[in-house]
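> Input file: final-v1.cif. Contents: mmCIF, C-alpha atoms.
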data_input
loop_
_atom_site.label_atom_id
_atom_site.label_comp_id
_atom_site.auth_asym_id
_atom_site.auth_seq_id
_atom_site.Cartn_x
_atom_site.Cartn_y
_atom_site.Cartn_z
CA MET V 1 -1.41 -19.70 10.62
CA MET V 2 -1.12 -17.77 13.90
CA THR V 3 1.93 -15.51 13.87
CA THR V 4 3.62 -12.82 15.94
CA ALA V 5 1.28 -10.32 14.23
CA THR V 6 -1.64 -11.66 16.27
CA LEU V 7 0.04 -11.03 19.64
CA PRO V 8 -0.48 -7.90 21.76
CA LEU V 9 2.17 -5.19 21.65
CA LYS V 10 3.04 -2.51 24.18
CA ILE V 11 3.79 1.09 23.23
CA GLY V 12 5.01 2.45 26.52
CA PRO V 13 2.20 1.57 28.96
CA VAL V 14 -0.42 1.28 26.20
CA GLU V 15 -1.29 -2.28 25.23
CA ILE V 16 -2.26 -2.83 21.58
CA ARG V 17 -4.45 -5.88 20.90
CA ASN V 18 -2.67 -7.10 17.75
CA ARG V 19 0.04 -5.93 15.37
CA VAL V 20 -1.90 -5.17 12.18
CA PHE V 21 -2.55 -1.42 12.18
CA LEU V 22 -4.45 1.05 10.00
CA ALA V 23 -2.16 3.80 8.74
CA PRO V 24 -2.94 7.49 9.13
CA MET V 25 -4.11 8.75 5.73
CA SER V 26 -4.83 12.40 5.07
CA GLY V 27 -8.43 12.93 4.02
CA ILE V 28 -9.19 9.23 4.54
CA SER V 29 -8.78 8.02 8.11
CA ASP V 30 -11.40 10.25 9.68
CA LEU V 31 -13.43 9.05 12.65
CA PRO V 32 -16.08 7.13 10.61
CA PHE V 33 -13.32 5.26 8.72
CA ARG V 34 -11.23 4.58 11.82
CA ARG V 35 -14.27 3.35 13.74
CA ARG V 36 -15.01 0.79 11.02
CA ALA V 37 -11.42 -0.41 10.96
CA TRP V 38 -11.37 -0.68 14.76
CA GLU V 39 -14.68 -2.55 14.93
CA ALA V 40 -13.35 -5.00 12.34
CA GLY V 41 -10.37 -5.81 14.57
CA ALA V 42 -7.47 -3.56 13.53
CA GLY V 43 -4.84 -3.56 16.26
CA LEU V 44 -4.47 0.21 16.16
CA VAL V 45 -5.98 3.06 14.15
CA VAL V 46 -4.35 6.48 13.74
CA SER V 47 -6.00 9.79 12.96
CA GLU V 48 -5.39 11.57 9.72
CA MET V 49 -2.62 14.15 9.90
CA VAL V 50 -3.45 17.22 12.01
CA ALA V 51 -1.52 20.42 11.35
CA SER V 52 -0.13 21.53 14.71
CA ALA V 53 -0.32 25.29 14.20
CA GLU V 54 -3.88 25.08 12.86
CA LEU V 55 -4.94 22.99 15.82
CA CYS V 56 -3.47 25.51 18.23
CA ASN V 57 -5.25 28.31 16.39
CA HIS V 58 -8.61 26.56 16.88
CA HIS V 59 -9.34 25.58 13.28
CA SER V 60 -12.56 23.57 13.39
CA GLU V 61 -11.40 21.08 10.74
CA SER V 62 -8.28 20.28 12.77
CA ARG V 63 -10.40 19.58 15.83
CA LYS V 64 -12.64 17.31 13.79
CA ARG V 65 -9.65 15.36 12.45
CA MET V 66 -8.54 14.47 15.97
CA GLU V 67 -11.93 13.45 17.41
CA ARG V 68 -11.76 10.30 19.51
CA GLY V 69 -15.38 9.19 19.40
CA ASP V 70 -15.78 5.88 21.20
CA LEU V 71 -12.44 4.40 20.14
CA GLN V 72 -10.77 2.35 22.85
CA THR V 73 -7.27 3.51 21.89
CA HIS V 74 -6.88 6.97 20.41
CA VAL V 75 -3.80 8.00 18.41
CA VAL V 76 -3.48 11.55 17.06
CA GLN V 77 -0.92 12.24 14.35
CA LEU V 78 0.56 15.74 14.32
CA ALA V 79 2.49 17.50 11.57
CA GLY V 80 4.39 20.76 11.66
CA ARG V 81 7.67 22.57 11.28
CA GLU V 82 7.89 24.63 14.48
CA ALA V 83 8.77 23.12 17.86
CA HIS V 84 6.51 25.49 19.77
CA TRP V 85 3.38 24.53 17.86
CA MET V 86 4.21 20.82 17.97
CA GLY V 87 4.51 20.91 21.74
CA GLU V 88 1.35 22.95 22.21
CA ALA V 89 -0.61 20.76 19.80
CA ALA V 90 0.57 17.64 21.61
CA LYS V 91 -0.78 19.09 24.87
CA ILE V 92 -4.15 19.73 23.20
CA ALA V 93 -4.27 16.20 21.80
CA GLU V 94 -3.43 14.73 25.21
CA GLY V 95 -6.05 16.94 26.82
CA GLU V 96 -8.64 15.68 24.34
CA GLY V 97 -7.94 12.07 25.28
CA ALA V 98 -5.12 10.95 23.01
CA ASP V 99 -3.46 7.80 24.37
CA ILE V 100 -0.55 8.22 21.94
CA VAL V 101 0.75 11.18 19.93
CA ASP V 102 2.35 10.33 16.56
CA ILE V 103 4.66 12.70 14.66
CA ASN V 104 4.44 12.83 10.87
CA MET V 105 7.80 12.93 9.12
CA GLY V 106 6.70 10.77 6.22
CA CYS V 107 4.02 12.59 4.21
CA PRO V 108 5.34 13.15 0.66
CA ALA V 109 2.61 15.56 -0.52
CA LYS V 110 4.01 18.74 -2.08
CA LYS V 111 1.65 20.96 -0.10
CA VAL V 112 3.13 19.46 3.09
CA THR V 113 6.79 19.21 2.13
CA GLY V 114 6.62 22.65 0.51
CA GLY V 115 5.92 24.00 3.99
CA TYR V 116 8.94 22.08 5.35
CA SER V 117 6.76 19.55 7.16
CA GLY V 118 6.22 15.80 6.66
CA SER V 119 9.07 14.01 4.90
CA ALA V 120 10.83 17.32 4.17
CA LEU V 121 12.02 17.17 7.79
CA MET V 122 14.25 14.23 6.85
CA ARG V 123 16.43 16.74 4.99
CA ASP V 124 17.40 18.43 8.28
CA LEU V 125 17.64 15.95 11.13
CA ASP V 126 18.84 18.53 13.65
CA HIS V 127 15.69 20.56 13.09
CA ALA V 128 13.57 17.40 13.08
CA LEU V 129 14.95 16.56 16.52
CA THR V 130 13.84 19.91 17.93
CA LEU V 131 10.26 19.02 16.97
CA ILE V 132 10.55 15.54 18.45
CA GLU V 133 12.02 16.82 21.71
CA ALA V 134 9.34 19.50 22.06
CA THR V 135 6.58 16.94 21.52
CA VAL V 136 8.02 14.36 23.91
CA GLN V 137 8.61 16.93 26.64
CA ALA V 138 5.10 18.37 26.32
CA VAL V 139 3.11 15.24 27.18
CA LYS V 140 3.01 12.24 29.47
CA VAL V 141 1.54 9.85 26.90
CA PRO V 142 3.84 7.90 24.53
CA VAL V 143 5.10 9.72 21.45
CA THR V 144 5.71 7.76 18.24
CA LEU V 145 7.22 8.73 14.88
CA LYS V 146 6.37 7.84 11.28
CA MET V 147 8.94 8.43 8.54
CA ARG V 148 10.16 7.29 5.14
CA LEU V 149 13.54 5.78 4.24
CA GLY V 150 14.86 9.24 3.43
CA TRP V 151 14.28 12.14 1.08
CA ASP V 152 15.78 10.33 -1.93
CA HIS V 153 18.06 7.38 -2.62
CA ASN V 154 21.12 9.54 -2.05
CA SER V 155 20.02 10.34 1.49
CA ILE V 156 18.75 7.18 3.17
CA ASN V 157 18.85 8.40 6.77
CA ALA V 158 15.92 6.62 8.44
CA PRO V 159 18.25 4.63 10.73
CA GLU V 160 19.94 7.80 11.99
CA LEU V 161 16.65 9.65 12.51
CA ALA V 162 15.14 6.63 14.25
CA ARG V 163 18.11 6.23 16.59
CA ARG V 164 18.14 9.89 17.53
CA ALA V 165 14.36 9.94 17.97
CA VAL V 166 14.46 6.98 20.35
CA ASP V 167 17.27 8.65 22.31
CA ALA V 168 14.93 11.66 22.62
CA GLY V 169 12.14 9.51 24.05
CA VAL V 170 10.11 8.27 21.07
CA GLN V 171 8.57 4.89 21.94
CA MET V 172 7.69 3.44 18.51
CA ILE V 173 9.00 4.01 14.98
CA THR V 174 7.06 3.41 11.76
CA VAL V 175 8.91 3.32 8.44
CA HIS V 176 7.34 3.44 4.98
CA GLY V 177 9.73 1.58 2.70
CA ARG V 178 10.03 4.33 0.09
CA THR V 179 11.85 7.64 -0.15
CA ARG V 180 9.89 10.86 -0.38
CA CYS V 181 10.91 11.32 -4.01
CA GLN V 182 9.37 7.96 -4.90
CA PHE V 183 5.99 9.10 -3.61
CA TYR V 184 4.02 5.84 -4.16
CA THR V 185 5.75 4.58 -7.31
CA GLY V 186 7.53 1.26 -7.65
CA HIS V 187 7.40 -1.18 -4.76
CA ALA V 188 8.22 -0.43 -1.15
CA ASP V 189 11.64 -1.74 -0.13
CA TRP V 190 10.81 -4.01 2.79
CA ASP V 191 14.43 -5.15 3.19
CA ALA V 192 15.69 -1.58 3.64
CA ILE V 193 13.54 -1.16 6.75
CA ARG V 194 15.72 -3.73 8.55
CA ALA V 195 18.50 -1.16 8.92
CA VAL V 196 16.21 0.70 11.32
CA ARG V 197 15.52 -2.49 13.27
CA GLU V 198 19.24 -2.88 13.87
CA VAL V 199 19.63 0.47 15.65
CA ILE V 200 16.51 0.71 17.85
CA SER V 201 15.07 -1.38 20.66
CA VAL V 202 11.54 0.08 20.71
CA PRO V 203 8.78 -1.43 18.56
CA LEU V 204 9.26 -1.02 14.80
CA VAL V 205 6.31 -0.89 12.39
CA ALA V 206 6.77 -1.61 8.68
CA ASN V 207 4.57 0.14 6.11
CA GLY V 208 4.21 0.15 2.33
CA ASP V 209 2.31 -2.08 -0.14
CA VAL V 210 0.84 -4.35 2.52
CA GLY V 211 -2.55 -5.74 1.58
CA SER V 212 -2.83 -9.37 2.68
CA ALA V 213 -1.93 -11.83 5.42
CA ALA V 214 0.89 -13.15 3.22
CA ASP V 215 2.24 -9.61 2.85
CA VAL V 216 2.20 -9.15 6.63
CA GLN V 217 4.21 -12.31 7.18
CA GLU V 218 6.71 -11.43 4.45
CA ILE V 219 7.29 -7.79 5.41
CA MET V 220 7.78 -8.76 9.06
CA ARG V 221 10.26 -11.46 8.05
CA ARG V 222 12.24 -9.20 5.74
CA SER V 223 12.19 -6.03 7.83
CA GLY V 224 12.41 -7.51 11.33
CA ALA V 225 9.46 -5.30 12.29
CA ASP V 226 7.27 -5.94 15.32
CA ALA V 227 4.07 -4.78 13.60
CA VAL V 228 2.68 -3.77 10.21
CA MET V 229 0.66 -0.80 9.00
CA ILE V 230 -1.86 -1.09 6.13
CA GLY V 231 -2.60 2.07 4.18
CA ARG V 232 -3.92 2.44 0.63
CA ALA V 233 -4.98 -1.20 0.40
CA ALA V 234 -7.79 -0.31 2.82
CA TYR V 235 -9.41 2.05 0.32
CA GLY V 236 -12.90 0.66 -0.26
CA GLN V 237 -12.45 -1.97 2.44
CA PRO V 238 -12.01 -0.34 5.87
CA TRP V 239 -12.23 -3.77 7.48
CA LEU V 240 -9.01 -4.96 5.78
CA ALA V 241 -6.58 -4.67 8.72
CA GLY V 242 -9.03 -6.55 10.93
CA GLN V 243 -9.62 -9.13 8.24
CA VAL V 244 -5.90 -9.74 7.86
CA ALA V 245 -5.54 -10.09 11.63
CA SER V 246 -8.44 -12.56 11.61
CA GLU V 247 -6.86 -14.60 8.84
CA LEU V 248 -3.57 -14.74 10.72
CA ASN V 249 -5.59 -16.03 13.67
CA GLY V 250 -7.03 -18.80 11.49
CA LEU V 251 -10.39 -17.12 10.82
CA PRO V 252 -10.54 -16.42 7.05
CA HIS V 253 -12.61 -13.34 6.19
CA GLY V 254 -13.83 -13.14 9.78
CA ALA V 255 -13.94 -9.35 9.74
CA ALA V 256 -15.53 -8.73 6.34
CA PRO V 257 -19.16 -7.49 6.42
CA LEU V 258 -21.83 -10.00 5.46
CA ASN V 259 -24.08 -7.39 3.87
CA LEU V 260 -22.11 -4.95 1.76
CA SER V 261 -25.07 -2.69 0.98
CA ASP V 262 -25.93 -2.15 4.65
CA TYR V 263 -22.25 -1.64 5.51
CA ILE V 264 -21.68 1.04 2.87
CA LEU V 265 -24.94 2.81 3.69
CA ALA V 266 -23.98 2.87 7.38
CA HIS V 267 -20.56 4.30 6.50
CA TYR V 268 -22.18 6.93 4.28
CA HIS V 269 -24.67 8.03 6.91
CA ALA V 270 -21.92 8.10 9.56
CA MET V 271 -20.03 10.56 7.37
CA LEU V 272 -23.14 12.74 7.00
CA GLU V 273 -23.52 12.77 10.77
CA HIS V 274 -19.83 13.50 11.34
CA TYR V 275 -19.45 16.35 8.85
CA GLY V 276 -22.99 17.58 8.34
CA GLU V 277 -24.98 16.68 5.23
CA LYS V 278 -23.51 19.11 2.70
CA THR V 279 -19.86 18.53 3.59
CA GLY V 280 -20.42 14.83 4.31
CA ILE V 281 -21.80 14.17 0.83
CA ARG V 282 -18.68 15.71 -0.68
CA HIS V 283 -16.22 13.90 1.61
CA ALA V 284 -17.97 10.55 1.04
CA ARG V 285 -17.57 10.55 -2.74
CA LYS V 286 -14.03 9.21 -2.79
CA HIS V 287 -15.03 6.35 -0.50
CA LEU V 288 -18.08 5.52 -2.61
CA GLY V 289 -15.87 5.53 -5.70
CA TRP V 290 -13.47 3.05 -4.08
CA TYR V 291 -16.35 0.81 -2.98
CA MET V 292 -17.54 0.69 -6.58
CA GLU V 293 -14.08 0.02 -7.99
CA ARG V 294 -13.38 -2.82 -5.55
CA HIS V 295 -16.72 -4.56 -5.37
CA THR V 296 -18.70 -3.96 -8.55
CA SER V 297 -18.41 -4.05 -12.30
CA ASN V 298 -20.60 -2.96 -15.21
CA VAL V 299 -22.18 -0.05 -13.35
CA PRO V 300 -23.51 2.25 -16.10
CA ASP V 301 -21.62 5.52 -16.44
CA THR V 302 -24.85 7.45 -15.93
CA VAL V 303 -25.35 5.76 -12.56
CA LYS V 304 -21.76 6.41 -11.52
CA LYS V 305 -22.09 10.06 -12.49
CA ALA V 306 -25.33 10.42 -10.55
CA LEU V 307 -23.75 8.84 -7.47
CA MET V 308 -20.64 11.00 -7.62
CA THR V 309 -22.34 14.33 -8.34
CA SER V 310 -25.64 14.23 -6.48
CA GLY V 311 -26.09 16.68 -3.64
CA ASN V 312 -29.16 14.86 -2.36
CA ALA V 313 -28.42 12.45 0.48
CA GLN V 314 -31.53 10.31 -0.09
CA GLU V 315 -30.81 9.99 -3.80
CA VAL V 316 -27.28 8.82 -3.06
CA SER V 317 -28.62 6.28 -0.53
CA ASP V 318 -31.06 4.89 -3.09
CA ILE V 319 -28.36 4.54 -5.73
CA LEU V 320 -26.02 2.79 -3.26
CA THR V 321 -28.78 0.31 -2.37
CA ASP V 322 -29.39 -0.47 -6.04
CA ILE V 323 -25.67 -0.98 -6.75
CA PHE V 324 -24.56 -3.03 -3.77
CA THR V 325 -27.55 -5.11 -2.63
CA GLY V 326 -26.66 -8.80 -2.72
CA LEU V 327 -22.93 -8.31 -3.23
CA SER V 328 -20.37 -10.11 -1.09
CA PRO V 329 -17.13 -8.26 -0.28
CA VAL V 330 -15.31 -11.57 0.21
CA ALA V 331 -16.24 -12.94 -3.20
CA GLY V 332 -16.08 -9.67 -5.07
CA THR V 333 -13.08 -7.75 -3.71
CA LYS V 334 -10.60 -6.65 -6.35
CA SER V 335 -7.47 -4.56 -6.20
CA LEU V 336 -7.98 -0.98 -7.30
CA LYS V 337 -5.46 -1.58 -10.07
CA ASP V 338 -7.49 -4.52 -11.38
CA ALA V 339 -10.71 -2.59 -11.01
CA ALA V 340 -9.48 0.52 -12.78
#
When written as structure tokens, how does the structure in this file appear?


Amino acid sequence: MMTTATLPLKIGPVEIRNRVFLAPMSGISDLPFRRRAWEAGAGLVVSEMVASAELCNHHSESRKRMERGDLQTHVVQLAGREAHWMGEAAKIAEGEGADIVDINMGCPAKKVTGGYSGSALMRDLDHALTLIEATVQAVKVPVTLKMRLGWDHNSINAPELARRAVDAGVQMITVHGRTRCQFYTGHADWDAIRAVREVISVPLVANGDVGSAADVQEIMRRSGADAVMIGRAAYGQPWLAGQVASELNGLPHGAAPLNLSDYILAHYHAMLEHYGEKTGIRHARKHLGWYMERHTSNVPDTVKKALMTSGNAQEVSDILTDIFTGLSPVAGTKSLKDAA
């Protein structure tokens, strides 16, 4: 079953070990999550979005979002609307060890687009280019760009933005196969991504509704992409990108943890260490909810409530042990839609 997705890929001088990546996800792909995806075999992991102006103004949360830890390849994704701050933030990221700086022009969230950042930049490509040029000129490491197909179906301009970005020095393009106005509704248009392939020569990454080895093969075939990025399908299974890469290498489920209880507890305690106990308990709740939805059934509502509201780290650990001991992620994994 070995495919192109299992081969290394170069982004400028940086060699990536395979072509199944973990997407940057705001509030999700923090260092504990990225570390688990990397250890499972993801080809590349990308930080959650870091606001450029906040980073430059020394916001502690922004610094935490871009922490490298012990990751072999470190990619920091920056968002913003002002060229000055994008360039300065890129210098900070490079100085903190970023091997690649990624620019966010794809986030559809209203709090981001309302500030004329993320996918809102696709409404003004001339302005978007000033941000790209400032970022590229500020650093020596490769700069990459993540976008959507366009703002809406009346303005599909990803090919034009991609072409202009590459002319400005961007060394990889990622396209989510939806417009901003679609948010995450419907199904990503994998065929529409091919129009970007036809106008750029740098690596192209396809993103949107990828959750299996079969999806990877199909989206690469239909889009002409060189690599694939897995996003929401990794909720509750941080090992997914690595597992898919393993399956494409002929090793079914090779990256899935053997002991789900120990895995989830380790993830939980890593979050407590990363954020501090009080904040870590709060940040972990969404992950614990996804673990339950994907891998369990018939958990009493009283137990769920206790898990999701407790402020006591030991109590949460005890509940997790009771819920997940003896469960296999390979046998029990469900889609979140099926689990809901």

> Taking the file as shown, find all residues satisfying the PyMOL selection byres ((chain V and resi 301-306) around 10) and write them as a VMD selection string.

chain V and resid 288 to 289 292 298 to 300 307 to 311 315 to 316 319 to 320 322 to 323

> Quick one: distance from CA of Gln237 in chain V to CA of Tyr291 in chain V in Å, one decimal?

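So the two atoms, CA of Gln237 in chain V and CA of Tyr291 in chain V, lie 7.2 Å apart.
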
> Just say which residues the PyMOL selection byres ((chain V and resi 189) around 10) picks in this file, as a list of chain:residue names.

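That selection, the PyMOL selection byres ((chain V and resi 189) around 10), comes back as V:Leu149, V:His176, V:Gly177, V:Arg178, V:Thr179, V:Gly186, V:His187, V:Ala188, V:Trp190, V:Asp191, V:Ala192, V:Ile193, V:Arg194, V:Asn207, V:Gly208, V:Asp209, V:Ile219, V:Arg222, V:Ser223.
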
> Write to file, as a JSON list (two decimals), keeping the file's coordinate frame, the residues of the selection just made, with C-alpha atoms.


[["chain", "number", "residue", "atom", "x", "y", "z"],
["V", 149, "LEU", "CA", 13.54, 5.78, 4.24],
["V", 176, "HIS", "CA", 7.34, 3.44, 4.98],
["V", 177, "GLY", "CA", 9.73, 1.58, 2.70],
["V", 178, "ARG", "CA", 10.03, 4.33, 0.09],
["V", 179, "THR", "CA", 11.85, 7.64, -0.15],
["V", 186, "GLY", "CA", 7.53, 1.26, -7.65],
["V", 187, "HIS", "CA", 7.40, -1.18, -4.76],
["V", 188, "ALA", "CA", 8.22, -0.43, -1.15],
["V", 190, "TRP", "CA", 10.81, -4.01, 2.79],
["V", 191, "ASP", "CA", 14.43, -5.15, 3.19],
["V", 192, "ALA", "CA", 15.69, -1.58, 3.64],
["V", 193, "ILE", "CA", 13.54, -1.16, 6.75],
["V", 194, "ARG", "CA", 15.72, -3.73, 8.55],
["V", 207, "ASN", "CA", 4.57, 0.14, 6.11],
["V", 208, "GLY", "CA", 4.21, 0.15, 2.33],
["V", 209, "ASP", "CA", 2.31, -2.08, -0.14],
["V", 219, "ILE", "CA", 7.29, -7.79, 5.41],
["V", 222, "ARG", "CA", 12.24, -9.20, 5.74],
["V", 223, "SER", "CA", 12.19, -6.03, 7.83]]

> Around all the atoms of range 134-143 of chain V listed in the file, with 6 Å of room on each side, what axis-aligned box do you get, giving centre and edge lengths in Å to one decimal, as lines of an AutoDock Vina configuration file?


center_x = 5.4
center_y = 13.7
center_z = 25.5
size_x = 19.8
size_y = 23.6
size_z = 20.0

> Looking at only C-alpha atoms, which of V:Val196, V:Ile173, V:Leu327, V:Leu31 is the one that sits closest to Tyr275 in chain V?

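Nearest candidate to Tyr275 in chain V out of V:Val196, V:Ile173, V:Leu327, V:Leu31: V:Leu31.
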
> I need the residue set behind the PyMOL selection byres ((chain V and resi 205) around 7) for this file; please write it as a PDB file with C-alpha atoms, in the frame of the given file.


ATOM      1  CA  ILE V 173       9.000   4.010  14.980  1.00  0.00           C
ATOM      2  CA  THR V 174       7.060   3.410  11.760  1.00  0.00           C
ATOM      3  CA  VAL V 175       8.910   3.320   8.440  1.00  0.00           C
ATOM      4  CA  PRO V 203       8.780  -1.430  18.560  1.00  0.00           C
ATOM      5  CA  LEU V 204       9.260  -1.020  14.800  1.00  0.00           C
ATOM      6  CA  ALA V 206       6.770  -1.610   8.680  1.00  0.00           C
ATOM      7  CA  ASN V 207       4.570   0.140   6.110  1.00  0.00           C
ATOM      8  CA  ALA V 225       9.460  -5.300  12.290  1.00  0.00           C
ATOM      9  CA  ASP V 226       7.270  -5.940  15.320  1.00  0.00           C
ATOM     10  CA  ALA V 227       4.070  -4.780  13.600  1.00  0.00           C
ATOM     11  CA  VAL V 228       2.680  -3.770  10.210  1.00  0.00           C
ATOM     12  CA  MET V 229       0.660  -0.800   9.000  1.00  0.00           C
TER      13      MET V 229
END

> Select, from V:Ala37, V:Ala51, V:Ile92, V:Leu161, the residue with the minimum atom-to-atom distance to Phe21 in chain V, counting all atoms listed in the file.

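Among V:Ala37, V:Ala51, V:Ile92, V:Leu161, it is V:Ala37 that comes nearest to Phe21 in chain V.
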
> Under the rule that all atoms listed in the file are counted, which of V:Gln182, V:Asn157, V:Thr4, V:Ser62 is the nearest residue to Gln217 in chain V?

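Smallest separation from Gln217 in chain V among the options: V:Thr4.
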
> Measuring between all atoms listed in the file, which one of V:Glu94, V:Glu88, V:Glu39, V:Asp30 shows the shortest distance to Arg65 in chain V?

V:Asp30

> Once all heavy atoms are restored for range 41-49 of chain V, what would the output be as an mmCIF file, in the coordinates of the input?


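Now in out.cif:
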data_model
loop_
_atom_site.group_PDB
_atom_site.id
_atom_site.type_symbol
_atom_site.label_atom_id
_atom_site.label_comp_id
_atom_site.auth_asym_id
_atom_site.auth_seq_id
_atom_site.Cartn_x
_atom_site.Cartn_y
_atom_site.Cartn_z
ATOM 1 N N GLY V 41 -11.447 -5.103 13.878
ATOM 2 C CA GLY V 41 -10.370 -5.810 14.570
ATOM 3 C C GLY V 41 -8.974 -5.302 14.312
ATOM 4 O O GLY V 41 -7.993 -5.958 14.693
ATOM 5 N N ALA V 42 -8.809 -4.130 13.686
ATOM 6 C CA ALA V 42 -7.470 -3.560 13.530
ATOM 7 C C ALA V 42 -6.817 -3.401 14.898
ATOM 8 O O ALA V 42 -7.477 -3.024 15.869
ATOM 9 C CB ALA V 42 -7.536 -2.206 12.822
ATOM 10 N N GLY V 43 -5.526 -3.681 14.977
ATOM 11 C CA GLY V 43 -4.840 -3.560 16.260
ATOM 12 C C GLY V 43 -4.759 -2.137 16.748
ATOM 13 O O GLY V 43 -4.835 -1.867 17.953
ATOM 14 N N LEU V 44 -4.608 -1.199 15.820
ATOM 15 C CA LEU V 44 -4.470 0.210 16.160
ATOM 16 C C LEU V 44 -4.947 1.013 14.954
ATOM 17 O O LEU V 44 -4.742 0.615 13.806
ATOM 18 C CB LEU V 44 -3.003 0.546 16.449
ATOM 19 C CG LEU V 44 -2.700 1.898 17.101
ATOM 20 C CD1 LEU V 44 -3.198 1.920 18.550
ATOM 21 C CD2 LEU V 44 -1.190 2.184 17.066
ATOM 22 N N VAL V 45 -5.597 2.135 15.220
ATOM 23 C CA VAL V 45 -5.980 3.060 14.150
ATOM 24 C C VAL V 45 -5.436 4.437 14.525
ATOM 25 O O VAL V 45 -5.378 4.789 15.703
ATOM 26 C CB VAL V 45 -7.510 3.109 13.949
ATOM 27 C CG1 VAL V 45 -8.029 1.755 13.488
ATOM 28 C CG2 VAL V 45 -8.250 3.541 15.215
ATOM 29 N N VAL V 46 -5.018 5.191 13.515
ATOM 30 C CA VAL V 46 -4.350 6.480 13.740
ATOM 31 C C VAL V 46 -5.101 7.553 12.978
ATOM 32 O O VAL V 46 -5.481 7.365 11.827
ATOM 33 C CB VAL V 46 -2.879 6.426 13.275
ATOM 34 C CG1 VAL V 46 -2.160 7.725 13.619
ATOM 35 C CG2 VAL V 46 -2.159 5.233 13.892
ATOM 36 N N SER V 47 -5.281 8.707 13.603
ATOM 37 C CA SER V 47 -6.000 9.790 12.960
ATOM 38 C C SER V 47 -5.289 10.261 11.703
ATOM 39 O O SER V 47 -4.082 10.053 11.532
ATOM 40 C CB SER V 47 -6.138 10.989 13.919
ATOM 41 O OG SER V 47 -4.948 11.759 13.945
ATOM 42 N N GLU V 48 -6.036 10.896 10.827
ATOM 43 C CA GLU V 48 -5.390 11.570 9.720
ATOM 44 C C GLU V 48 -4.518 12.700 10.280
ATOM 45 O O GLU V 48 -4.686 13.138 11.419
ATOM 46 C CB GLU V 48 -6.414 12.101 8.725
ATOM 47 C CG GLU V 48 -7.467 13.010 9.306
ATOM 48 C CD GLU V 48 -8.524 13.390 8.287
ATOM 49 O OE1 GLU V 48 -8.171 13.701 7.141
ATOM 50 O OE2 GLU V 48 -9.716 13.387 8.638
ATOM 51 N N MET V 49 -3.592 13.143 9.475
ATOM 52 C CA MET V 49 -2.620 14.150 9.900
ATOM 53 C C MET V 49 -3.313 15.449 10.323
ATOM 54 O O MET V 49 -4.180 15.963 9.623
ATOM 55 C CB MET V 49 -1.675 14.419 8.735
ATOM 56 C CG MET V 49 -0.602 15.427 8.962
ATOM 57 S SD MET V 49 0.446 15.547 7.484
ATOM 58 C CE MET V 49 -0.751 16.099 6.260
#
